[in-house]
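Have a look at target-v9.cif below; it lists mmCIF, C-alpha atoms.
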data_target
#
loop_
_atom_site.label_atom_id
_atom_site.label_comp_id
_atom_site.auth_asym_id
_atom_site.auth_seq_id
_atom_site.Cartn_x
_atom_site.Cartn_y
_atom_site.Cartn_z
CA MET B 10 -1.02 54.93 116.16
CA ILE B 11 -0.24 58.08 118.16
CA ALA B 12 -1.77 61.32 116.90
CA ARG B 13 -2.36 64.84 118.15
CA SER B 14 -5.87 66.21 117.92
CA HIS B 15 -6.49 69.31 115.82
CA SER B 16 -8.48 70.84 118.69
CA SER B 17 -10.41 69.86 121.77
CA SER B 18 -13.26 71.50 123.63
CA ALA B 19 -12.20 73.47 126.69
CA ALA B 20 -15.18 71.87 128.43
CA LEU B 21 -13.29 68.56 128.26
CA THR B 22 -10.10 69.80 129.93
CA SER B 23 -10.83 68.25 133.32
CA ARG B 24 -11.58 64.88 131.72
CA LEU B 25 -8.69 64.96 129.25
CA TYR B 26 -6.11 65.84 131.87
CA GLY B 27 -7.71 64.20 134.89
CA PRO B 28 -7.29 60.68 136.25
CA VAL B 29 -7.66 57.88 133.70
CA LEU B 30 -11.29 56.82 133.29
CA ARG B 31 -12.38 53.79 131.31
CA GLY B 32 -15.44 53.67 129.10
CA ILE B 33 -16.96 52.02 126.06
CA ALA B 34 -17.28 53.01 122.41
CA LEU B 35 -20.94 53.47 121.45
CA SER B 36 -19.97 54.00 117.81
CA PRO B 37 -16.77 54.76 115.90
CA ARG B 38 -16.92 58.40 117.01
CA HIS B 39 -18.86 58.37 120.30
CA LEU B 40 -17.28 57.21 123.56
CA ALA B 41 -19.28 56.83 126.79
CA PHE B 42 -17.71 57.43 130.22
CA ASP B 43 -20.13 57.00 133.13
CA GLY B 44 -23.01 58.54 131.19
CA TYR B 45 -20.95 61.32 129.60
CA VAL B 46 -20.31 60.98 125.85
CA VAL B 47 -17.16 62.28 124.16
CA SER B 48 -17.48 62.87 120.41
CA LEU B 49 -14.52 62.35 118.08
CA THR B 50 -15.18 64.80 115.25
CA GLU B 51 -13.47 64.55 111.88
CA PRO B 52 -10.84 67.22 111.18
CA GLY B 53 -12.55 70.19 109.56
CA ALA B 54 -16.05 69.15 110.66
CA PRO B 55 -18.03 71.43 113.02
CA ARG B 56 -16.52 71.33 116.49
CA MET B 57 -18.64 70.16 119.42
CA PRO B 58 -18.75 71.17 123.10
CA ASN B 59 -18.08 67.53 124.02
CA GLY B 60 -15.68 66.97 121.16
CA VAL B 61 -12.10 66.22 120.24
CA GLU B 62 -11.25 66.95 116.61
CA CYS B 63 -9.14 64.06 115.35
CA ALA B 64 -8.83 61.32 112.76
CA GLY B 65 -9.05 58.52 115.34
CA VAL B 66 -12.01 56.14 115.42
CA ALA B 67 -13.03 53.32 117.72
CA ARG B 68 -14.62 49.92 117.23
CA PRO B 69 -18.16 49.87 118.65
CA GLY B 70 -18.15 48.00 121.94
CA GLU B 71 -14.40 48.28 122.57
CA THR B 72 -12.99 49.52 125.88
CA VAL B 73 -11.60 53.05 125.68
CA ALA B 74 -9.97 55.41 128.18
CA ILE B 75 -9.59 59.13 128.75
CA GLY B 76 -7.20 60.97 131.07
CA GLY B 77 -3.60 62.01 131.47
CA GLY B 78 -3.83 64.15 128.33
CA THR B 79 -4.86 61.35 125.96
CA ILE B 80 -7.77 59.32 124.66
CA LYS B 81 -6.82 55.69 124.21
CA LEU B 82 -8.53 53.53 121.60
CA SER B 83 -7.51 50.04 120.57
CA ALA B 84 -5.87 51.26 117.37
CA ASP B 85 -5.20 54.92 118.18
CA GLN B 86 -3.90 57.09 121.00
CA VAL B 87 -5.05 60.68 120.62
CA HIS B 88 -3.16 63.43 122.45
CA ALA B 89 -5.10 66.54 123.47
CA GLY B 90 -4.70 69.44 121.05
CA PRO B 91 -5.25 73.21 121.22
CA GLU B 92 -8.33 74.17 123.20
CA TRP B 93 -11.46 75.52 121.55
CA ASN B 94 -13.92 77.46 123.72
CA PRO B 95 -17.45 76.08 123.14
CA MET B 96 -19.10 79.11 124.77
CA PRO B 97 -19.68 81.91 122.24
CA ALA B 98 -19.20 85.55 123.22
CA PHE B 99 -21.31 87.42 120.68
CA ALA B 100 -24.10 89.96 121.29
CA SER B 101 -27.07 88.97 119.13
CA PRO B 102 -30.41 90.73 118.63
CA HIS B 103 -33.20 89.02 120.53
CA ARG B 104 -36.60 89.40 122.10
CA ALA B 105 -38.19 87.86 125.19
CA PRO B 106 -38.23 84.04 125.22
CA GLY B 107 -41.36 82.25 124.07
CA PRO B 108 -43.15 79.44 125.88
CA GLU B 109 -40.95 76.66 127.18
CA PRO B 110 -40.92 73.44 125.13
CA MET B 111 -43.03 70.57 126.43
CA VAL B 112 -40.23 68.37 127.70
CA GLY B 113 -42.48 65.40 128.43
CA SER B 114 -43.56 65.25 124.78
CA LEU B 115 -40.34 66.30 123.06
CA ALA B 116 -37.47 64.69 124.99
CA GLY B 117 -36.32 61.58 123.15
CA TRP B 118 -38.76 62.24 120.28
CA GLY B 119 -37.42 61.40 116.82
CA PRO B 120 -34.79 58.99 115.46
CA GLY B 121 -31.03 59.13 115.85
CA LEU B 122 -28.41 59.58 118.57
CA THR B 123 -29.72 63.11 119.10
CA PRO B 124 -33.47 62.98 118.46
CA ALA B 125 -35.13 66.07 116.97
CA GLY B 126 -37.00 66.92 120.15
CA ASP B 127 -33.76 66.97 122.12
CA ASP B 128 -32.11 69.25 119.57
CA LEU B 129 -35.01 71.71 119.87
CA ILE B 130 -34.80 71.66 123.67
CA ALA B 131 -31.01 72.11 123.52
CA GLY B 132 -31.42 75.14 121.26
CA TYR B 133 -34.00 76.61 123.63
CA VAL B 134 -31.96 76.18 126.81
CA ALA B 135 -28.83 77.48 125.06
CA GLY B 136 -30.86 80.54 124.05
CA LEU B 137 -32.02 81.07 127.63
CA VAL B 138 -28.38 81.20 128.75
CA LEU B 139 -26.71 83.01 125.86
CA LEU B 140 -29.45 85.58 125.22
CA HIS B 141 -30.98 86.06 128.66
CA GLY B 142 -28.52 84.72 131.24
CA ARG B 143 -31.17 82.39 132.69
CA ARG B 144 -28.84 79.60 133.75
CA SER B 145 -30.84 78.05 136.57
CA ARG B 146 -34.00 77.69 134.48
CA ALA B 147 -32.01 76.33 131.55
CA ALA B 148 -30.33 73.74 133.79
CA TRP B 149 -33.71 72.66 135.21
CA ILE B 150 -35.21 72.12 131.74
CA ALA B 151 -32.08 70.34 130.50
CA GLU B 152 -32.06 67.92 133.42
CA LEU B 153 -35.73 67.04 132.87
CA ALA B 154 -34.98 66.25 129.23
CA ALA B 155 -31.69 64.45 129.96
CA ALA B 156 -33.50 61.92 132.12
CA ARG B 157 -35.70 60.94 129.18
CA THR B 158 -33.27 60.51 126.30
CA THR B 159 -29.99 59.06 124.99
CA ALA B 160 -26.62 59.51 126.68
CA LEU B 161 -25.32 61.67 123.82
CA SER B 162 -28.36 63.95 123.87
CA ALA B 163 -28.15 64.20 127.65
CA THR B 164 -24.50 65.26 127.36
CA LEU B 165 -25.28 67.96 124.79
CA LEU B 166 -28.32 69.20 126.73
CA ARG B 167 -26.18 69.74 129.83
CA HIS B 168 -23.56 71.57 127.79
CA ALA B 169 -26.28 73.74 126.21
CA ALA B 170 -27.54 74.66 129.67
CA ARG B 171 -24.07 76.11 130.35
CA GLY B 172 -24.04 78.01 127.05
CA GLU B 173 -21.63 75.52 125.43
CA VAL B 174 -22.81 74.82 121.90
CA PRO B 175 -21.77 73.31 118.53
CA GLU B 176 -19.62 75.50 116.28
CA PRO B 177 -22.40 76.34 113.76
CA VAL B 178 -24.28 78.06 116.61
CA HIS B 179 -21.21 80.28 117.13
CA THR B 180 -21.31 81.16 113.44
CA LEU B 181 -25.02 82.00 113.67
CA LEU B 182 -24.47 84.33 116.61
CA ALA B 183 -21.43 85.95 114.97
CA THR B 184 -23.06 86.57 111.58
CA GLY B 185 -26.83 86.49 112.10
CA SER B 186 -27.14 83.99 109.27
CA PRO B 187 -28.57 80.49 109.96
CA ARG B 188 -27.10 79.01 106.78
CA ASP B 189 -24.37 76.92 108.42
CA LEU B 190 -26.56 75.80 111.29
CA LEU B 191 -29.25 74.64 108.85
CA ALA B 192 -26.64 72.46 107.16
CA PHE B 193 -25.48 70.93 110.47
CA GLY B 194 -26.13 67.20 110.80
CA HIS B 195 -28.98 65.37 109.10
CA SER B 196 -31.65 67.54 110.74
CA SER B 197 -30.08 68.63 114.05
CA GLY B 198 -29.28 72.16 112.93
CA ARG B 199 -32.86 72.89 111.87
CA TRP B 200 -34.17 71.84 115.28
CA TRP B 201 -31.45 73.71 117.16
CA LEU B 202 -32.42 76.82 115.20
CA ARG B 203 -36.12 76.38 116.02
CA GLY B 204 -35.24 76.10 119.68
CA MET B 205 -33.09 79.21 119.67
CA VAL B 206 -35.71 81.23 117.80
CA SER B 207 -38.26 80.06 120.37
CA ALA B 208 -35.90 81.35 123.04
CA GLY B 209 -36.00 84.79 121.40
CA LEU B 210 -33.15 84.84 118.85
CA LEU B 211 -33.72 87.07 115.81
CA VAL B 212 -32.12 85.73 112.61
CA ASP B 213 -31.67 86.79 109.02
CA GLU B 214 -33.57 85.06 106.25
CA PRO B 215 -31.85 81.72 105.55
CA ALA B 216 -29.69 81.48 102.44
CA PRO B 217 -29.99 78.39 100.20
CA VAL B 218 -28.50 75.47 102.09
CA PRO B 219 -25.72 73.45 100.39
CA ILE B 220 -25.90 69.68 100.73
CA ARG B 221 -23.54 68.52 103.48
CA PRO B 222 -20.76 71.10 103.15
CA ARG B 223 -17.35 69.94 104.32
CA ARG B 224 -17.31 72.37 107.20
CA SER B 225 -18.51 75.71 108.52
CA PRO B 226 -16.11 78.67 108.54
CA ARG B 227 -13.92 78.61 111.63
CA LEU B 228 -14.40 81.46 114.06
CA GLU B 229 -10.78 82.47 113.50
CA GLU B 230 -11.59 82.91 109.79
CA LEU B 231 -14.65 85.02 110.55
CA ALA B 232 -12.58 87.25 112.81
CA GLY B 233 -9.90 87.61 110.15
CA ALA B 234 -12.45 88.60 107.51
CA ALA B 235 -13.84 91.26 109.83
CA ARG B 236 -10.45 92.93 110.33
#
Would it be possible to restate this file's structure as structure tokens?
Amino acid sequence: MIARSHSSSAALTSRLYGPVLRGIALSPRHLAFDGYVVSLTEPGAPRMPNGVECAGVARPGETVAIGGGTIKLSADQVHAGPEWNPMPAFASPHRAPGPEPMVGSLAGWGPGLTPAGDDLIAGYVAGLVLLHGRRSRAAWIAELAAARTTALSATLLRHAARGEVPEPVHTLLATGSPRDLLAFGHSSGRWWLRGMVSAGLLVDEPAPVPIRPRRSPRLEELAGAAR
């Protein structure tokens, strides 16, 4: 089946439109290409810095390909859609960053494709970049952690070190409310928030968290409400 994605991360442009590269499906929605993991997010779900928003899914273990403007799966061929910028551009209140997380103890700690310790580190390094402009230090911490964890976590850590973050982080920085981030993933959002607060982010008191909402408000919707 041929389908057009609803959106794709601008951070994936060089891979989506570059030479064809073959990889393997780690799960129905995670595709590995030489250590880099592309996430296929469901339409309406929070967008990811390594993500393409589409209905397509893969069979775990199947050969997949990316390049030439498409992602090829055995049953689907997904064409690149409108770009979404994973780097937020909001000024948020903050203070000086706290102590750096203990990478040796936290990297890879916890269950799942993105263990809790990695999510905390990702939130911290993203905070260093987005709040303080400390890119070199963020990249150094992220690389230490990436060498100790899963391919998906390593991918997201490296994006975080460039200030490229999941959509609920954009919502947090735009509104000051952690509500949507706290509802992100099984526990990922809570650990991302802890990392960003450790990096100096000041947040409002969290509102009651709904159980697995369908999606966070899109940034376009937030901008429209503000006008």
* B:Ala135, B:Ile75, B:Ile80, B:Ala155: which is nearest Leu30 (chain B), counting only C-alpha atoms? -> B:Ile75
* Hey, what's within 12 Å of region 122-124 of chain B if we count all atoms listed in the file and toss same-chain stuff fewer than 5 positions away? As number ranges by chain, please? -> B: 35-36, 38-39, 46, 48, 115-117, 129-131, 154-155, 157-166, 194-201
Those residues you just picked out, can you put them in a file as a PDB file, in the frame of the given file with C-alpha atoms?
ATOM      1  CA  LEU B  35     -20.940  53.470 121.450  1.00  0.00           C
ATOM      2  CA  SER B  36     -19.970  54.000 117.810  1.00  0.00           C
ATOM      3  CA  ARG B  38     -16.920  58.400 117.010  1.00  0.00           C
ATOM      4  CA  HIS B  39     -18.860  58.370 120.300  1.00  0.00           C
ATOM      5  CA  VAL B  46     -20.310  60.980 125.850  1.00  0.00           C
ATOM      6  CA  SER B  48     -17.480  62.870 120.410  1.00  0.00           C
ATOM      7  CA  LEU B 115     -40.340  66.300 123.060  1.00  0.00           C
ATOM      8  CA  ALA B 116     -37.470  64.690 124.990  1.00  0.00           C
ATOM      9  CA  GLY B 117     -36.320  61.580 123.150  1.00  0.00           C
ATOM     10  CA  LEU B 129     -35.010  71.710 119.870  1.00  0.00           C
ATOM     11  CA  ILE B 130     -34.800  71.660 123.670  1.00  0.00           C
ATOM     12  CA  ALA B 131     -31.010  72.110 123.520  1.00  0.00           C
ATOM     13  CA  ALA B 154     -34.980  66.250 129.230  1.00  0.00           C
ATOM     14  CA  ALA B 155     -31.690  64.450 129.960  1.00  0.00           C
ATOM     15  CA  ARG B 157     -35.700  60.940 129.180  1.00  0.00           C
ATOM     16  CA  THR B 158     -33.270  60.510 126.300  1.00  0.00           C
ATOM     17  CA  THR B 159     -29.990  59.060 124.990  1.00  0.00           C
ATOM     18  CA  ALA B 160     -26.620  59.510 126.680  1.00  0.00           C
ATOM     19  CA  LEU B 161     -25.320  61.670 123.820  1.00  0.00           C
ATOM     20  CA  SER B 162     -28.360  63.950 123.870  1.00  0.00           C
ATOM     21  CA  ALA B 163     -28.150  64.200 127.650  1.00  0.00           C
ATOM     22  CA  THR B 164     -24.500  65.260 127.360  1.00  0.00           C
ATOM     23  CA  LEU B 165     -25.280  67.960 124.790  1.00  0.00           C
ATOM     24  CA  LEU B 166     -28.320  69.200 126.730  1.00  0.00           C
ATOM     25  CA  GLY B 194     -26.130  67.200 110.800  1.00  0.00           C
ATOM     26  CA  HIS B 195     -28.980  65.370 109.100  1.00  0.00           C
ATOM     27  CA  SER B 196     -31.650  67.540 110.740  1.00  0.00           C
ATOM     28  CA  SER B 197     -30.080  68.630 114.050  1.00  0.00           C
ATOM     29  CA  GLY B 198     -29.280  72.160 112.930  1.00  0.00           C
ATOM     30  CA  ARG B 199     -32.860  72.890 111.870  1.00  0.00           C
ATOM     31  CA  TRP B 200     -34.170  71.840 115.280  1.00  0.00           C
ATOM     32  CA  TRP B 201     -31.450  73.710 117.160  1.00  0.00           C
TER      33      TRP B 201
END
* Asked: If you count all atoms listed in the file, which residues fall within 8 Å of region 53-69 of chain B, apart from same-chain ones fewer than 2 positions away, as a PyMOL selection string?
  -> chain B and resi 12-21+33-38+46-51+71+82-87+89+94-95+164-165+168+173-177+193+223-225
* Identify the residues around (-40.6, 86.3, 130.7) within a radius of 12 Å, measuring from all atoms listed in the file in the coordinates stated by the file, and give them as a ChimeraX atom specification. => /B:104-109,137,141,143,146,208-209
* Got a sec: who's within 10 Å of Leu210 (chain B), counting all atoms listed in the file, leaving out chain neighbours fewer than 3 positions off, as a count of residues only? -> 19
* Distance CA of Val134 (chain B)-CA of Ala147 (chain B), one decimal place? -> 4.7 Å
* Measuring atom to atom with all atoms listed in the file, identify which of B:Val112, B:Thr79, B:Thr180, B:Leu191 is nearest to Trp149 (chain B). => B:Val112
Taking only C-alpha atoms, show region 79-221 of chain B of the given structure as a short mmCIF file (atom, residue, chain, number, x, y, z; two decimals), in the first residue's frame.
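Contents of result-v1.cif, freshly written:
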data_model
loop_
_atom_site.label_atom_id
_atom_site.label_comp_id
_atom_site.auth_asym_id
_atom_site.auth_seq_id
_atom_site.Cartn_x
_atom_site.Cartn_y
_atom_site.Cartn_z
CA THR B 79 10.04 7.08 0.98
CA ILE B 80 10.19 4.45 3.69
CA LYS B 81 9.64 0.99 2.26
CA LEU B 82 8.12 -1.77 4.37
CA SER B 83 7.01 -5.17 3.14
CA ALA B 84 3.34 -4.18 3.15
CA ASP B 85 3.55 -0.38 2.97
CA GLN B 86 5.44 2.35 1.16
CA VAL B 87 5.30 5.62 3.08
CA HIS B 88 6.01 8.87 1.24
CA ALA B 89 7.51 11.75 3.22
CA GLY B 90 4.95 14.29 4.39
CA PRO B 91 5.06 17.91 5.59
CA GLU B 92 8.06 18.65 7.79
CA TRP B 93 7.73 19.23 11.51
CA ASN B 94 10.58 21.04 13.28
CA PRO B 95 11.58 19.05 16.41
CA MET B 96 13.52 21.99 17.87
CA PRO B 97 11.27 24.26 19.95
CA ALA B 98 11.71 28.03 19.88
CA PHE B 99 10.13 29.15 23.14
CA ALA B 100 11.64 31.27 25.93
CA SER B 101 10.95 29.52 29.24
CA PRO B 102 11.74 30.63 32.80
CA HIS B 103 14.72 28.80 34.22
CA ARG B 104 17.51 28.85 36.74
CA ALA B 105 21.07 27.55 36.67
CA PRO B 106 21.39 23.82 35.91
CA GLY B 107 21.73 21.41 38.81
CA PRO B 108 24.32 18.64 39.14
CA GLU B 109 24.79 16.46 36.09
CA PRO B 110 23.13 13.03 36.20
CA MET B 111 25.38 10.08 37.01
CA VAL B 112 25.55 8.56 33.55
CA GLY B 113 27.34 5.41 34.68
CA SER B 114 24.47 4.56 37.04
CA LEU B 115 21.51 5.85 35.02
CA ALA B 116 22.21 5.01 31.36
CA GLY B 117 20.28 1.89 30.41
CA TRP B 118 18.61 1.73 33.85
CA GLY B 119 14.98 0.62 33.81
CA PRO B 120 12.84 -1.51 31.47
CA GLY B 121 11.66 -0.72 27.97
CA LEU B 122 13.03 0.52 24.66
CA THR B 123 13.80 3.84 26.35
CA PRO B 124 14.76 3.03 29.94
CA ALA B 125 13.86 5.56 32.64
CA GLY B 126 17.45 6.56 33.27
CA ASP B 127 17.93 7.41 29.60
CA ASP B 128 14.78 9.53 29.57
CA LEU B 129 16.06 11.51 32.57
CA ILE B 130 19.44 12.05 30.90
CA ALA B 131 17.73 13.07 27.64
CA GLY B 132 15.62 15.64 29.51
CA TYR B 133 18.72 17.01 31.20
CA VAL B 134 20.83 17.37 28.05
CA ALA B 135 17.86 18.89 26.18
CA GLY B 136 17.56 21.41 29.02
CA LEU B 137 21.26 22.26 28.78
CA VAL B 138 20.78 23.13 25.11
CA LEU B 139 17.34 24.74 25.10
CA LEU B 140 17.70 26.72 28.33
CA HIS B 141 21.42 27.45 28.48
CA GLY B 142 22.86 26.91 24.99
CA ARG B 143 25.43 24.42 26.34
CA ARG B 144 25.64 22.22 23.26
CA SER B 145 29.13 20.80 23.66
CA ARG B 146 28.54 19.65 27.23
CA ALA B 147 25.15 18.20 26.29
CA ALA B 148 26.69 16.27 23.39
CA TRP B 149 29.43 14.89 25.66
CA ILE B 150 26.92 13.61 28.24
CA ALA B 151 24.64 12.19 25.54
CA GLU B 152 27.47 10.25 23.90
CA LEU B 153 28.52 8.74 27.23
CA ALA B 154 24.95 7.55 27.80
CA ALA B 155 24.40 6.42 24.20
CA ALA B 156 27.28 3.97 24.47
CA ARG B 157 25.56 2.24 27.39
CA THR B 158 21.98 1.79 26.22
CA THR B 159 19.56 0.70 23.49
CA ALA B 160 19.69 1.92 19.89
CA LEU B 161 16.41 3.83 20.27
CA SER B 162 17.53 5.58 23.45
CA ALA B 163 20.88 6.41 21.85
CA THR B 164 19.05 7.98 18.90
CA LEU B 165 16.84 10.11 21.14
CA LEU B 166 19.76 11.13 23.38
CA ARG B 167 21.67 12.44 20.37
CA HIS B 168 18.62 14.35 19.18
CA ALA B 169 18.13 15.81 22.68
CA ALA B 170 21.73 17.01 22.66
CA ARG B 171 20.84 19.07 19.58
CA GLY B 172 17.69 20.46 21.21
CA GLU B 173 15.41 18.18 19.16
CA VAL B 174 12.72 16.79 21.45
CA PRO B 175 9.33 14.98 21.50
CA GLU B 176 6.26 17.14 20.89
CA PRO B 177 5.04 17.15 24.53
CA VAL B 178 8.28 18.94 25.47
CA HIS B 179 7.35 21.68 22.97
CA THR B 180 3.97 21.98 24.66
CA LEU B 181 5.63 22.25 28.08
CA LEU B 182 7.92 25.04 26.92
CA ALA B 183 5.07 26.86 25.16
CA THR B 184 2.61 26.72 28.07
CA GLY B 185 4.63 26.11 31.23
CA SER B 186 2.34 23.20 32.10
CA PRO B 187 3.80 19.67 32.40
CA ARG B 188 0.41 17.99 32.01
CA ASP B 189 0.93 16.62 28.49
CA LEU B 190 4.52 15.60 29.12
CA LEU B 191 3.48 13.68 32.25
CA ALA B 192 1.02 11.72 30.10
CA PHE B 193 3.67 10.90 27.47
CA GLY B 194 4.49 7.20 27.17
CA HIS B 195 4.23 4.72 30.01
CA SER B 196 6.67 6.64 32.22
CA SER B 197 8.96 8.44 29.75
CA GLY B 198 7.37 11.85 30.19
CA ARG B 199 7.81 11.84 33.96
CA TRP B 200 11.52 11.10 33.61
CA TRP B 201 12.00 13.63 30.82
CA LEU B 202 10.39 16.23 33.09
CA ARG B 203 12.68 15.33 36.01
CA GLY B 204 15.68 15.73 33.75
CA MET B 205 14.57 19.11 32.45
CA VAL B 206 13.79 20.39 35.94
CA SER B 207 17.26 19.22 37.00
CA ALA B 208 18.64 21.25 34.11
CA GLY B 209 16.94 24.35 35.54
CA LEU B 210 13.46 24.48 33.97
CA LEU B 211 10.77 26.12 36.11
CA VAL B 212 7.30 24.60 35.64
CA ASP B 213 3.77 25.18 36.84
CA GLU B 214 2.14 22.79 39.26
CA PRO B 215 1.04 19.71 37.30
CA ALA B 216 -2.66 19.36 36.52
CA PRO B 217 -4.36 15.97 37.03
CA VAL B 218 -3.05 13.62 34.35
CA PRO B 219 -5.59 11.85 32.10
CA ILE B 220 -4.94 8.19 31.36
CA ARG B 221 -3.31 7.84 27.94
#
